[in-house]
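Visitor: The structure file run38.cif (mmCIF, C-alpha atoms and all ligand atoms) is provided below.
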```
data_coords
#
loop_
_atom_site.label_atom_id
_atom_site.label_comp_id
_atom_site.auth_asym_id
_atom_site.auth_seq_id
_atom_site.Cartn_x
_atom_site.Cartn_y
_atom_site.Cartn_z
CA MET A 1 39.06 -16.78 25.89
CA GLY A 2 41.11 -19.45 24.12
CA LEU A 3 44.38 -21.10 24.90
CA ILE A 4 46.70 -19.23 27.26
CA HIS A 5 50.20 -19.74 25.98
CA PHE A 6 53.19 -20.22 28.21
CA ASN A 7 55.18 -17.64 26.24
CA VAL A 8 54.40 -15.03 23.61
CA PRO A 9 57.53 -13.37 22.16
CA PRO A 10 57.70 -9.65 22.97
CA PHE A 11 56.49 -7.30 20.27
CA VAL A 12 56.02 -3.58 20.91
CA GLY A 13 54.95 -2.33 17.49
CA THR A 14 57.94 -0.37 16.21
CA GLU A 15 59.98 -3.41 15.18
CA PHE A 16 58.95 -3.33 11.48
CA LYS A 17 59.66 0.38 11.21
CA TYR A 18 63.23 -0.12 12.40
CA MET A 19 63.73 -3.25 10.31
CA GLN A 20 62.59 -1.29 7.26
CA GLU A 21 65.10 1.42 8.22
CA ALA A 22 67.87 -1.20 8.35
CA VAL A 23 66.92 -2.33 4.84
CA ASN A 24 66.80 1.27 3.60
CA ASN A 25 70.26 1.85 5.13
CA HIS A 26 71.59 -0.87 2.81
CA LYS A 27 73.25 -2.27 5.89
CA ILE A 28 71.71 -5.49 7.03
CA CYS A 29 74.80 -7.47 8.09
CA GLY A 30 76.44 -7.22 11.49
CA ASP A 31 77.79 -4.10 13.20
CA GLY A 32 75.42 -1.76 11.39
CA PRO A 33 73.72 1.26 13.02
CA PHE A 34 71.17 -0.78 14.99
CA THR A 35 73.81 -3.17 16.35
CA LYS A 36 75.77 -0.11 17.53
CA LYS A 37 72.66 1.41 19.13
CA CYS A 38 71.92 -1.82 21.00
CA ASP A 39 75.54 -2.33 22.11
CA GLU A 40 75.78 1.25 23.35
CA TRP A 41 72.42 1.12 25.09
CA LEU A 42 73.38 -2.06 26.94
CA GLU A 43 76.79 -0.63 27.88
CA LYS A 44 75.29 2.61 29.20
CA ARG A 45 72.30 1.13 30.95
CA PHE A 46 74.28 -1.61 32.67
CA ASN A 47 77.48 0.35 33.13
CA ALA A 48 79.35 -2.35 31.22
CA LYS A 49 82.83 -1.95 29.76
CA LYS A 50 81.99 -3.56 26.43
CA VAL A 51 78.92 -5.27 25.00
CA MET A 52 78.76 -7.01 21.64
CA LEU A 53 75.63 -8.47 20.15
CA THR A 54 75.97 -12.11 19.13
CA THR A 55 73.85 -14.56 17.20
CA SER A 56 72.55 -16.18 20.39
CA GLY A 57 73.07 -16.52 24.11
CA SER A 58 74.71 -19.84 23.31
CA SER A 59 77.25 -18.20 21.00
CA ALA A 60 77.96 -15.52 23.62
CA LEU A 61 78.76 -18.37 26.02
CA ASP A 62 80.89 -20.05 23.33
CA MET A 63 82.86 -16.83 22.94
CA ALA A 64 83.32 -16.51 26.69
CA ALA A 65 84.51 -20.12 26.98
CA ILE A 66 87.00 -19.63 24.13
CA LEU A 67 88.24 -16.33 25.61
CA CYS A 68 88.88 -18.12 28.92
CA GLU A 69 91.52 -20.13 27.01
CA ILE A 70 90.44 -23.40 28.52
CA LYS A 71 92.75 -26.32 27.78
CA PRO A 72 91.61 -29.94 27.57
CA GLY A 73 91.29 -31.29 31.09
CA ASP A 74 90.57 -27.89 32.68
CA GLU A 75 87.50 -27.91 34.89
CA VAL A 76 84.53 -25.59 34.96
CA ILE A 77 82.17 -25.37 37.92
CA LEU A 78 78.51 -24.83 37.08
CA PRO A 79 75.07 -25.83 38.33
CA SER A 80 73.50 -28.97 36.91
CA TYR A 81 70.14 -27.22 36.93
CA THR A 82 70.64 -25.14 33.78
CA PHE A 83 70.16 -25.17 30.02
CA SER A 84 72.45 -27.36 27.92
CA SER A 85 74.02 -24.25 26.34
CA THR A 86 75.77 -23.35 29.60
CA ALA A 87 77.53 -26.71 29.50
CA ASN A 88 78.02 -27.05 25.71
CA SER A 89 80.23 -23.98 25.49
CA PHE A 90 82.72 -25.35 27.96
CA VAL A 91 82.61 -28.80 26.37
CA LEU A 92 83.41 -27.11 23.05
CA ALA A 93 86.42 -25.49 24.70
CA GLY A 94 87.58 -28.90 25.97
CA ALA A 95 86.68 -28.61 29.64
CA THR A 96 85.44 -31.20 32.09
CA LEU A 97 82.23 -30.10 33.76
CA VAL A 98 81.95 -30.15 37.53
CA PHE A 99 78.34 -29.78 38.60
CA VAL A 100 77.43 -28.35 41.98
CA ASP A 101 74.12 -28.46 43.82
CA ILE A 102 71.65 -25.56 43.84
CA ARG A 103 69.99 -23.56 46.60
CA PRO A 104 66.34 -24.47 46.93
CA ASP A 105 65.21 -20.88 47.53
CA THR A 106 66.46 -19.45 44.21
CA MET A 107 67.39 -22.60 42.23
CA ASN A 108 70.80 -20.92 41.72
CA ILE A 109 74.19 -22.54 42.30
CA ASP A 110 74.80 -22.99 46.02
CA GLU A 111 77.74 -20.67 46.61
CA THR A 112 78.65 -22.55 49.80
CA LYS A 113 79.31 -25.73 47.77
CA ILE A 114 81.66 -24.18 45.20
CA GLU A 115 84.93 -24.20 47.12
CA ASP A 116 84.69 -27.91 47.78
CA ALA A 117 84.51 -28.54 44.02
CA ILE A 118 87.73 -26.64 43.24
CA THR A 119 90.76 -28.69 42.21
CA GLU A 120 94.11 -27.65 40.72
CA LYS A 121 92.45 -28.05 37.30
CA THR A 122 89.61 -25.61 37.94
CA LYS A 123 89.67 -22.65 35.55
CA VAL A 124 86.21 -21.10 35.54
CA ILE A 125 83.09 -20.71 37.67
CA CYS A 126 79.90 -20.24 35.69
CA PRO A 127 76.97 -19.07 37.82
CA VAL A 128 73.57 -19.00 36.12
CA HIS A 129 71.10 -16.33 37.25
CA TYR A 130 68.04 -18.55 37.10
CA ALA A 131 64.70 -16.84 36.47
CA GLY A 132 66.52 -13.50 36.40
CA VAL A 133 67.36 -13.69 40.10
CA ALA A 134 71.04 -13.06 40.80
CA CYS A 135 73.38 -15.64 42.30
CA GLU A 136 75.29 -14.69 45.46
CA MET A 137 77.93 -12.88 43.43
CA ASP A 138 79.97 -11.33 46.27
CA ILE A 139 80.84 -14.76 47.59
CA ILE A 140 81.37 -16.25 44.13
CA MET A 141 83.73 -13.42 43.14
CA GLU A 142 85.61 -13.73 46.42
CA ILE A 143 86.14 -17.48 45.83
CA ALA A 144 87.18 -16.83 42.24
CA ARG A 145 89.73 -14.17 43.17
CA LYS A 146 91.11 -16.30 46.01
CA HIS A 147 91.69 -19.27 43.68
CA ASN A 148 92.60 -17.23 40.59
CA LEU A 149 89.60 -18.39 38.57
CA LEU A 150 87.63 -16.64 35.86
CA VAL A 151 83.88 -16.04 36.22
CA VAL A 152 81.46 -16.31 33.30
CA GLU A 153 77.98 -15.20 34.29
CA ASP A 154 75.24 -16.96 32.38
CA ALA A 155 72.86 -14.01 32.50
CA ALA A 156 70.74 -15.33 29.62
CA GLN A 157 67.60 -14.79 31.68
CA ALA A 158 68.80 -11.80 33.67
CA VAL A 159 68.75 -8.78 31.34
CA MET A 160 67.74 -5.82 33.58
CA SER A 161 68.27 -7.75 36.83
CA THR A 162 70.71 -6.45 39.43
CA TYR A 163 72.75 -7.70 42.35
CA LYS A 164 73.50 -5.09 45.03
CA GLY A 165 73.04 -2.36 42.44
CA GLN A 166 75.23 -3.95 39.76
CA ALA A 167 73.66 -5.31 36.60
CA CYS A 168 73.75 -9.07 36.22
CA GLY A 169 76.28 -9.93 33.56
CA THR A 170 78.64 -7.10 34.55
CA ILE A 171 80.10 -8.60 37.71
CA GLY A 172 82.18 -11.55 36.48
CA ASP A 173 84.90 -11.41 33.82
CA PHE A 174 82.28 -12.12 31.17
CA GLY A 175 78.49 -11.98 31.07
CA CYS A 176 76.21 -13.60 28.52
CA PHE A 177 72.71 -12.40 27.63
CA SER A 178 70.09 -14.11 25.50
CA PHE A 179 67.57 -12.38 23.26
CA HIS A 180 65.85 -15.59 22.22
CA GLU A 181 62.10 -15.34 21.67
CA THR A 182 61.50 -16.74 25.15
CA LYS A 183 63.42 -13.92 26.80
CA ASN A 184 62.21 -10.55 28.11
CA TYR A 185 63.75 -8.72 25.14
CA SER A 186 64.07 -10.53 21.88
CA MET A 187 65.18 -10.58 18.27
CA GLY A 188 64.14 -14.15 17.54
CA GLU A 189 67.54 -15.67 18.04
CA GLY A 190 70.20 -13.45 19.54
CA GLY A 191 72.41 -12.64 22.45
CA ALA A 192 75.25 -10.47 23.69
CA ILE A 193 78.55 -10.93 25.40
CA VAL A 194 79.56 -8.48 28.09
CA ILE A 195 83.31 -8.07 28.51
CA ASN A 196 84.07 -6.71 31.94
CA ASN A 197 87.78 -7.42 31.91
CA GLU A 198 89.33 -4.89 29.50
CA ALA A 199 92.21 -7.23 28.70
CA TYR A 200 89.81 -9.34 26.64
CA ILE A 201 88.09 -6.68 24.50
CA GLU A 202 90.43 -6.79 21.50
CA LYS A 203 90.58 -10.59 21.59
CA ALA A 204 86.79 -10.74 21.67
CA GLU A 205 86.49 -8.43 18.67
CA ILE A 206 88.86 -10.65 16.69
CA LEU A 207 87.16 -13.86 17.76
CA ARG A 208 83.77 -12.46 16.76
CA GLU A 209 85.00 -11.21 13.34
CA LYS A 210 86.27 -14.49 11.87
CA GLY A 211 89.71 -14.07 13.43
CA THR A 212 90.38 -10.75 11.71
CA ASN A 213 91.14 -7.32 13.11
CA ARG A 214 88.38 -5.82 10.96
CA SER A 215 86.88 -3.92 13.92
CA GLN A 216 90.13 -1.96 14.30
CA PHE A 217 90.14 -1.35 10.55
CA PHE A 218 86.59 0.06 10.62
CA ARG A 219 87.61 2.39 13.44
CA GLY A 220 90.50 3.62 11.27
CA GLN A 221 93.13 2.27 13.65
CA ILE A 222 94.88 0.16 11.00
CA ALA A 223 95.30 0.58 7.22
CA LYS A 224 94.13 -2.92 6.26
CA TYR A 225 92.76 -5.85 8.09
CA ASN A 226 94.21 -9.30 8.35
CA TRP A 227 93.58 -12.78 9.73
CA VAL A 228 95.33 -12.55 13.09
CA ASP A 229 93.96 -15.39 15.23
CA PHE A 230 91.34 -18.10 15.41
CA GLY A 231 87.84 -16.74 15.01
CA ASP A 232 84.30 -17.45 14.01
CA SER A 233 81.26 -15.44 12.96
CA TYR A 234 79.28 -14.34 15.97
CA LEU A 235 77.90 -11.07 14.53
CA GLN A 236 74.18 -10.58 14.68
CA SER A 237 72.52 -9.20 11.55
CA ASP A 238 71.40 -5.56 11.75
CA ILE A 239 67.83 -6.57 10.82
CA ASN A 240 67.62 -8.57 14.03
CA ALA A 241 69.30 -5.76 15.95
CA ALA A 242 66.63 -3.38 14.60
CA TYR A 243 63.95 -5.67 16.02
CA LEU A 244 65.70 -5.72 19.40
CA TRP A 245 66.23 -1.95 19.38
CA ALA A 246 62.47 -1.39 19.31
CA GLN A 247 62.24 -3.23 22.61
CA LEU A 248 65.30 -1.74 24.29
CA GLU A 249 63.80 1.71 23.67
CA VAL A 250 60.91 0.74 25.94
CA ALA A 251 62.83 -1.64 28.19
CA ASP A 252 61.39 -0.18 31.39
CA ASP A 253 57.81 -0.50 30.15
CA ILE A 254 58.39 -4.16 29.31
CA ASN A 255 60.05 -4.75 32.65
CA ASN A 256 57.26 -3.05 34.61
CA ASN A 257 54.58 -4.88 32.68
CA ARG A 258 56.16 -8.23 33.52
CA LEU A 259 56.66 -7.25 37.16
CA VAL A 260 52.96 -6.44 37.51
CA ALA A 261 52.08 -9.97 36.35
CA TRP A 262 54.77 -11.55 38.55
CA ASN A 263 53.57 -9.64 41.63
CA ALA A 264 49.95 -10.56 40.92
CA TYR A 265 50.87 -14.26 40.89
CA TYR A 266 52.95 -13.89 44.03
CA GLU A 267 50.21 -12.12 45.98
CA ALA A 268 47.54 -14.56 44.81
CA PHE A 269 49.51 -17.65 45.85
CA LYS A 270 50.87 -16.42 49.18
CA THR A 271 48.15 -18.16 51.15
CA LEU A 272 48.88 -21.49 49.43
CA ALA A 273 52.54 -21.04 50.33
CA ASP A 274 51.73 -20.07 53.92
CA LYS A 275 49.70 -23.27 54.24
CA GLY A 276 52.69 -25.27 52.93
CA ILE A 277 50.80 -26.45 49.82
CA ILE A 278 53.26 -24.94 47.34
CA GLU A 279 56.57 -23.07 47.49
CA LEU A 280 57.14 -19.67 45.93
CA PRO A 281 60.38 -18.21 44.57
CA THR A 282 62.58 -16.20 46.94
CA ILE A 283 64.15 -12.91 45.93
CA PRO A 284 67.15 -12.48 48.24
CA GLU A 285 67.90 -9.10 49.75
CA GLY A 286 69.97 -6.97 47.40
CA CYS A 287 68.58 -8.64 44.29
CA ILE A 288 66.23 -6.86 41.92
CA HIS A 289 64.76 -9.30 39.43
CA ASN A 290 63.29 -8.79 35.97
CA ALA A 291 60.21 -11.02 36.27
CA HIS A 292 61.67 -13.31 33.65
CA MET A 293 59.81 -16.29 35.03
CA PHE A 294 57.18 -17.19 37.56
CA TYR A 295 57.47 -20.67 38.97
CA ILE A 296 55.97 -22.57 41.85
CA LYS A 297 57.15 -25.79 43.43
CA CYS A 298 54.59 -28.49 44.15
CA LYS A 299 54.75 -31.08 46.94
CA ASP A 300 56.18 -33.73 44.62
CA PHE A 301 56.60 -34.81 41.00
CA ASP A 302 53.15 -36.45 40.76
CA LYS A 303 51.39 -33.36 42.06
CA ARG A 304 53.25 -31.23 39.53
CA GLN A 305 52.30 -33.50 36.65
CA ALA A 306 48.67 -33.50 37.79
CA TYR A 307 48.72 -29.69 37.99
CA ILE A 308 50.19 -29.34 34.48
CA GLN A 309 47.53 -31.73 33.15
CA PHE A 310 44.71 -29.92 34.97
CA MET A 311 45.84 -26.57 33.59
CA LYS A 312 46.15 -28.01 30.07
CA GLU A 313 42.59 -29.34 30.28
CA ASN A 314 41.61 -25.77 31.15
CA GLU A 315 43.56 -24.35 28.20
CA VAL A 316 46.43 -22.96 30.23
CA LEU A 317 49.94 -24.03 29.27
CA CYS A 318 52.23 -24.47 32.25
CA VAL A 319 55.58 -26.18 31.75
CA PHE A 320 58.30 -27.88 33.75
CA HIS A 321 61.90 -26.84 33.27
CA TYR A 322 65.39 -28.30 33.10
CA VAL A 323 66.06 -31.97 33.52
CA PRO A 324 69.35 -31.80 35.49
CA LEU A 325 72.38 -32.03 33.22
CA HIS A 326 74.51 -34.29 35.41
CA SER A 327 72.13 -37.23 34.93
CA ALA A 328 71.56 -36.59 31.20
CA PRO A 329 73.53 -38.75 28.70
CA ALA A 330 75.84 -35.87 27.74
CA GLY A 331 76.26 -34.81 31.35
CA LEU A 332 77.46 -38.30 32.26
CA LYS A 333 79.89 -38.16 29.34
CA PHE A 334 81.30 -34.70 29.93
CA GLY A 335 81.17 -34.15 33.65
CA ARG A 336 80.67 -35.21 37.23
CA PHE A 337 78.60 -34.02 40.15
CA ASN A 338 80.62 -32.85 43.12
CA GLY A 339 79.11 -33.45 46.54
CA ILE A 340 75.54 -34.47 47.26
CA ASP A 341 72.59 -33.82 44.97
CA LYS A 342 70.31 -32.61 47.73
CA HIS A 343 68.16 -30.19 45.77
CA THR A 344 69.00 -30.31 42.05
CA THR A 345 66.94 -33.37 41.14
CA SER A 346 64.26 -33.24 43.82
CA ASP A 347 63.48 -29.54 43.39
CA SER A 348 63.57 -29.56 39.59
CA ASP A 349 61.08 -32.47 39.67
CA ARG A 350 58.62 -30.28 41.57
CA LEU A 351 59.02 -27.03 39.66
CA VAL A 352 56.50 -25.70 37.16
CA ARG A 353 56.48 -22.40 35.25
CA LEU A 354 53.33 -20.36 34.70
CA PRO A 355 52.44 -18.23 31.65
CA MET A 356 54.56 -15.08 31.75
CA TYR A 357 55.12 -12.65 28.92
CA TYR A 358 54.97 -8.98 28.03
CA GLY A 359 51.38 -7.89 27.52
CA ILE A 360 49.67 -10.88 29.12
CA LYS A 361 45.99 -9.92 29.36
CA LYS A 362 44.50 -9.20 32.78
CA ASP A 363 41.72 -11.75 32.19
CA ASP A 364 44.20 -14.43 31.19
CA LEU A 365 46.32 -13.75 34.23
CA GLN A 366 43.24 -13.98 36.41
CA LYS A 367 42.26 -17.27 34.81
CA VAL A 368 45.72 -18.75 35.52
CA ILE A 369 45.37 -17.61 39.13
CA ASP A 370 41.80 -18.90 39.53
CA LYS A 371 42.53 -22.29 38.02
CA THR A 372 45.68 -22.68 40.11
CA LEU A 373 43.78 -21.86 43.30
CA GLU A 374 41.01 -24.24 42.26
CA PHE A 375 43.51 -27.07 41.72
CA PHE A 376 45.43 -26.64 44.96
CA ASP A 377 42.44 -25.80 47.16
CA LYS A 378 40.73 -29.06 46.14
C1 LIG B 1 70.31 -20.22 31.32
C2 LIG B 1 70.42 -20.17 29.85
N1 LIG B 1 71.64 -20.20 29.29
C3 LIG B 1 71.80 -20.12 27.95
C4 LIG B 1 70.73 -20.03 27.10
C5 LIG B 1 70.97 -20.00 25.62
O1 LIG B 1 70.49 -18.84 25.02
P1 LIG B 1 70.07 -18.87 23.46
O2 LIG B 1 68.79 -19.62 23.36
O3 LIG B 1 69.92 -17.43 23.12
O4 LIG B 1 71.16 -19.52 22.72
C6 LIG B 1 69.44 -19.99 27.64
C7 LIG B 1 68.26 -19.88 26.75
O5 LIG B 1 67.26 -20.51 26.89
C8 LIG B 1 69.28 -20.07 29.05
O6 LIG B 1 68.07 -20.02 29.59
#
```
Is it possible to give me this structure as structure tokens?
Ligand SMILES: Cc1ncc(COP(=O)(O)O)c(C=O)c1O
Guide:
Amino acid sequence: MGLIHFNVPPFVGTEFKYMQEAVNNHKICGDGPFTKKCDEWLEKRFNAKKVMLTTSGSSALDMAAILCEIKPGDEVILPSYTFSSTANSFVLAGATLVFVDIRPDTMNIDETKIEDAITEKTKVICPVHYAGVACEMDIIMEIARKHNLLVVEDAAQAVMSTYKGQACGTIGDFGCFSFHETKNYSMGEGGAIVINNEAYIEKAEILREKGTNRSQFFRGQIAKYNWVDFGDSYLQSDINAAYLWAQLEVADDINNNRLVAWNAYYEAFKTLADKGIIELPTIPEGCIHNAHMFYIKCKDFDKRQAYIQFMKENEVLCVFHYVPLHSAPAGLKFGRFNGIDKHTTSDSDRLVRLPMYYGIKKDDLQKVIDKTLEFFDK
């Protein structure tokens, strides 16, 4: 049977054909035909105003942070239980990070704790849709509008997830997707920024194209292009976009395949959860998730470590997740935790992720289930 990996990057079989096509097109840099196909697909599917592929989810977040025009000393509210990229982008823009506790049921930012963290310096709220399960966006948007704040959704894990019928990433002012190899749809390294506030589209194009208005030039709107503002290079190469396009074409198949595995885990472990031995993820009403991740929470840290070890001995790779940012060296340097850390540290200490990827074999899935039941039923 062999080792069961935690993640296997998605591969559907048509990637090479499209990459070859990109090469044959003599257009392998950014904004070629495959980039356009991907951008348009994402815009249409998610009903988004504007989507632009980027070199990573991190660079999409960098773009969003820059577009928010944060000034040194401005504050950004975010969960501490997230990837360093969420925080780095705002540090790059000069912000002070204000971490807020998470909800234990979804591991998402606790929307009821946000208002208390707002000061006259607050500029942005950055909710992270952990495991592809949406944050409580109605409340977050209401708080943001009331206090005149921008919202950047870190939807790195939430491609294809929805909140009350709206695609994650399309609700705030900006949304950021990741197409890293660990994500549901991938191109190795890659991402996309979703611009939901039309006022930022032109600025985003310039920022992404080295500070030039080249996008307008290519559309024939201006006779020559010029350096008009600060910018950087966030364009994804068309070869990578070709790889991603293969997967977007069959996005529903990938999504359904992952959901089958997720549901199988959930059903199999319900009894353990009912007995109070483990905790399972909650999908709040109104949220449709994308089966990005399947995690369980053990009784405590030691039990989790023992479980990971037991699974490893049985050739199944299960892994913990984020070490909270507020207690990390950079977190201490760049931010502060507002309020009480009731769940961030204690719940992250207990969380473990199970193998989950497109095309996971039935037998492998069953082995993960059997070994997990064996460990916790002991
Ligand atoms: C929540 C979150 N934000 C941001 C990122 C960064 O995405 P990328 O790896 O594409 O830069 C990730 C990727 O792991 C993530 O999980």
Visitor: Calculate, to one decimal in Å, the centre and edge lengths of the box along x, y and z of the file that holds all listed atoms of ligand LIG 1 (chain B) with 6 Å of margin on each side, and present them as AutoDock Vina command-line options.
Guide:
```
--center_x 69.5 --center_y -19.0 --center_z 27.0 --size_x 16.5 --size_y 15.1 --size_z 20.6
```
Visitor: Identify which of the residues A:Met160, A:Ala155, A:Val12, A:Leu351 lies closest to Phe301 of chain A, counting all atoms listed in the file when measuring atom-to-atom distances.
Guide: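 Ranked by minimum distance to Phe301 of chain A, first place goes to A:Leu351.
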Visitor: Quick one: residues within 7 Å of Met52 of chain A, all atoms listed in the file counted, chain neighbours fewer than 6 positions away excluded, as a list of chain:residue names?
Guide: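 Here the qualifying residues turn out to be A:Asp39, A:Ala192, A:Ile193, A:Val194.
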Visitor: Do you know which residues are at most 10 Å from Met187 of chain A counting all atoms listed in the file, after dropping those on the same chain fewer than 5 positions away, and could you put them as a PyMOL selection string?
Guide: chain A and resi 9-11+15+55-56+178-182+236+239-247
Visitor: Let me make sure I understand: among A:Glu120, A:Thr170, A:Ser215, A:Ile102, which one has the smallest atom-to-atom distance to Asn47 of chain A if we use all atoms listed in the file?
Guide: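 Smallest separation from Asn47 of chain A among the options: A:Thr170.
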Visitor: Taking all atoms listed in the file and a cut-off of 8 Å, can you tell me which residues surround ligand LIG 1 (chain B), written as a list of chain:residue names?
Guide: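 The residues within 8 Å of ligand LIG 1 (chain B), counting all atoms listed in the file, are A:Thr55, A:Ser56, A:Gly57, A:Ser58, A:Ser59, A:Ala60, A:Leu61, A:Thr82, A:Phe83, A:Ser84, A:Ser85, A:Thr86, A:Val128, A:His129, A:Tyr130, A:Asp154, A:Ala155, A:Ala156, A:Gln157, A:Cys176, A:Phe177, A:Ser178, A:Phe179, A:His180, A:Thr182, A:Lys183, A:Glu189, A:Gly190, A:Gly191.
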Visitor: As an exercise, work out the distance from atom CA of Gly172 of chain A to atom CA of His289 of chain A in Å and give it to one decimal place.
Guide: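 Computing the Euclidean distance for atom CA of Gly172 of chain A and atom CA of His289 of chain A yields 17.8 Å.
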Visitor: Which residues are close to Ala93 of chain A, i.e. within 8 Å by all atoms listed in the file, leaving aside same-chain residues fewer than 6 positions away? Reply as a PDB file with C-alpha atoms, in the frame of the given file.
Guide:
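Saved as out-v8.pdb:
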```pdb
ATOM      1  CA  ASP A  62      80.890 -20.050  23.330  1.00  0.00           C
ATOM      2  CA  ALA A  65      84.510 -20.120  26.980  1.00  0.00           C
ATOM      3  CA  ILE A  66      87.000 -19.630  24.130  1.00  0.00           C
ATOM      4  CA  GLU A  69      91.520 -20.130  27.010  1.00  0.00           C
ATOM      5  CA  ILE A  70      90.440 -23.400  28.520  1.00  0.00           C
ATOM      6  CA  LYS A  71      92.750 -26.320  27.780  1.00  0.00           C
ATOM      7  CA  PRO A  72      91.610 -29.940  27.570  1.00  0.00           C
TER       8      PRO A  72
END
```
Visitor: Please export segment 222-278 of chain A as a PDB file, in the first residue's frame, restricted to C-alpha atoms.
Guide:
```pdb
ATOM      1  CA  ILE A 222      -3.571  54.684 -24.947  1.00  0.00           C
ATOM      2  CA  ALA A 223      -0.965  55.177 -27.705  1.00  0.00           C
ATOM      3  CA  LYS A 224       2.084  54.332 -25.583  1.00  0.00           C
ATOM      4  CA  TYR A 225       2.646  53.154 -22.103  1.00  0.00           C
ATOM      5  CA  ASN A 226       4.532  54.874 -19.351  1.00  0.00           C
ATOM      6  CA  TRP A 227       5.723  54.482 -15.766  1.00  0.00           C
ATOM      7  CA  VAL A 228       2.864  56.103 -13.871  1.00  0.00           C
ATOM      8  CA  ASP A 229       3.131  54.903 -10.268  1.00  0.00           C
ATOM      9  CA  PHE A 230       4.916  52.516  -7.956  1.00  0.00           C
ATOM     10  CA  GLY A 231       4.618  48.930  -9.104  1.00  0.00           C
ATOM     11  CA  ASP A 232       6.109  45.495  -9.049  1.00  0.00           C
ATOM     12  CA  SER A 233       5.872  42.336 -11.134  1.00  0.00           C
ATOM     13  CA  TYR A 234       3.008  40.176  -9.960  1.00  0.00           C
ATOM     14  CA  LEU A 235       2.142  38.577 -13.333  1.00  0.00           C
ATOM     15  CA  GLN A 236       2.003  34.823 -13.451  1.00  0.00           C
ATOM     16  CA  SER A 237       3.648  33.161 -16.443  1.00  0.00           C
ATOM     17  CA  ASP A 238       1.276  31.734 -19.064  1.00  0.00           C
ATOM     18  CA  ILE A 239       2.897  28.295 -18.724  1.00  0.00           C
ATOM     19  CA  ASN A 240       1.722  28.143 -15.133  1.00  0.00           C
ATOM     20  CA  ALA A 241      -1.666  29.536 -16.126  1.00  0.00           C
ATOM     21  CA  ALA A 242      -1.944  26.720 -18.703  1.00  0.00           C
ATOM     22  CA  TYR A 243      -1.370  24.188 -15.919  1.00  0.00           C
ATOM     23  CA  LEU A 244      -4.066  25.831 -13.797  1.00  0.00           C
ATOM     24  CA  TRP A 245      -6.489  26.052 -16.731  1.00  0.00           C
ATOM     25  CA  ALA A 246      -6.507  22.262 -17.038  1.00  0.00           C
ATOM     26  CA  GLN A 247      -7.852  22.087 -13.512  1.00  0.00           C
ATOM     27  CA  LEU A 248     -10.326  24.959 -13.716  1.00  0.00           C
ATOM     28  CA  GLU A 249     -11.927  23.203 -16.694  1.00  0.00           C
ATOM     29  CA  VAL A 250     -12.836  20.335 -14.375  1.00  0.00           C
ATOM     30  CA  ALA A 251     -13.194  22.366 -11.192  1.00  0.00           C
ATOM     31  CA  ASP A 252     -16.469  20.714 -10.199  1.00  0.00           C
ATOM     32  CA  ASP A 253     -15.050  17.214 -10.595  1.00  0.00           C
ATOM     33  CA  ILE A 254     -12.121  18.116  -8.349  1.00  0.00           C
ATOM     34  CA  ASN A 255     -14.441  19.721  -5.830  1.00  0.00           C
ATOM     35  CA  ASN A 256     -16.812  16.741  -5.764  1.00  0.00           C
ATOM     36  CA  ASN A 257     -13.959  14.275  -5.472  1.00  0.00           C
ATOM     37  CA  ARG A 258     -12.601  16.098  -2.429  1.00  0.00           C
ATOM     38  CA  LEU A 259     -16.054  16.410  -0.876  1.00  0.00           C
ATOM     39  CA  VAL A 260     -16.557  12.641  -1.118  1.00  0.00           C
ATOM     40  CA  ALA A 261     -13.354  12.093   0.892  1.00  0.00           C
ATOM     41  CA  TRP A 262     -14.249  14.835   3.391  1.00  0.00           C
ATOM     42  CA  ASN A 263     -17.732  13.386   3.950  1.00  0.00           C
ATOM     43  CA  ALA A 264     -16.331   9.880   4.357  1.00  0.00           C
ATOM     44  CA  TYR A 265     -14.026  11.101   7.136  1.00  0.00           C
ATOM     45  CA  TYR A 266     -16.828  13.044   8.771  1.00  0.00           C
ATOM     46  CA  GLU A 267     -19.242  10.112   8.775  1.00  0.00           C
ATOM     47  CA  ALA A 268     -16.594   7.686  10.025  1.00  0.00           C
ATOM     48  CA  PHE A 269     -15.575   9.865  12.975  1.00  0.00           C
ATOM     49  CA  LYS A 270     -19.023  11.022  14.091  1.00  0.00           C
ATOM     50  CA  THR A 271     -19.218   8.394  16.808  1.00  0.00           C
ATOM     51  CA  LEU A 272     -15.840   9.448  18.233  1.00  0.00           C
ATOM     52  CA  ALA A 273     -17.091  13.031  18.306  1.00  0.00           C
ATOM     53  CA  ASP A 274     -20.412  12.031  19.893  1.00  0.00           C
ATOM     54  CA  LYS A 275     -18.472  10.264  22.639  1.00  0.00           C
ATOM     55  CA  GLY A 276     -16.415  13.441  23.212  1.00  0.00           C
ATOM     56  CA  ILE A 277     -13.135  11.752  22.204  1.00  0.00           C
ATOM     57  CA  ILE A 278     -12.379  14.155  19.359  1.00  0.00           C
TER      58      ILE A 278
END
```
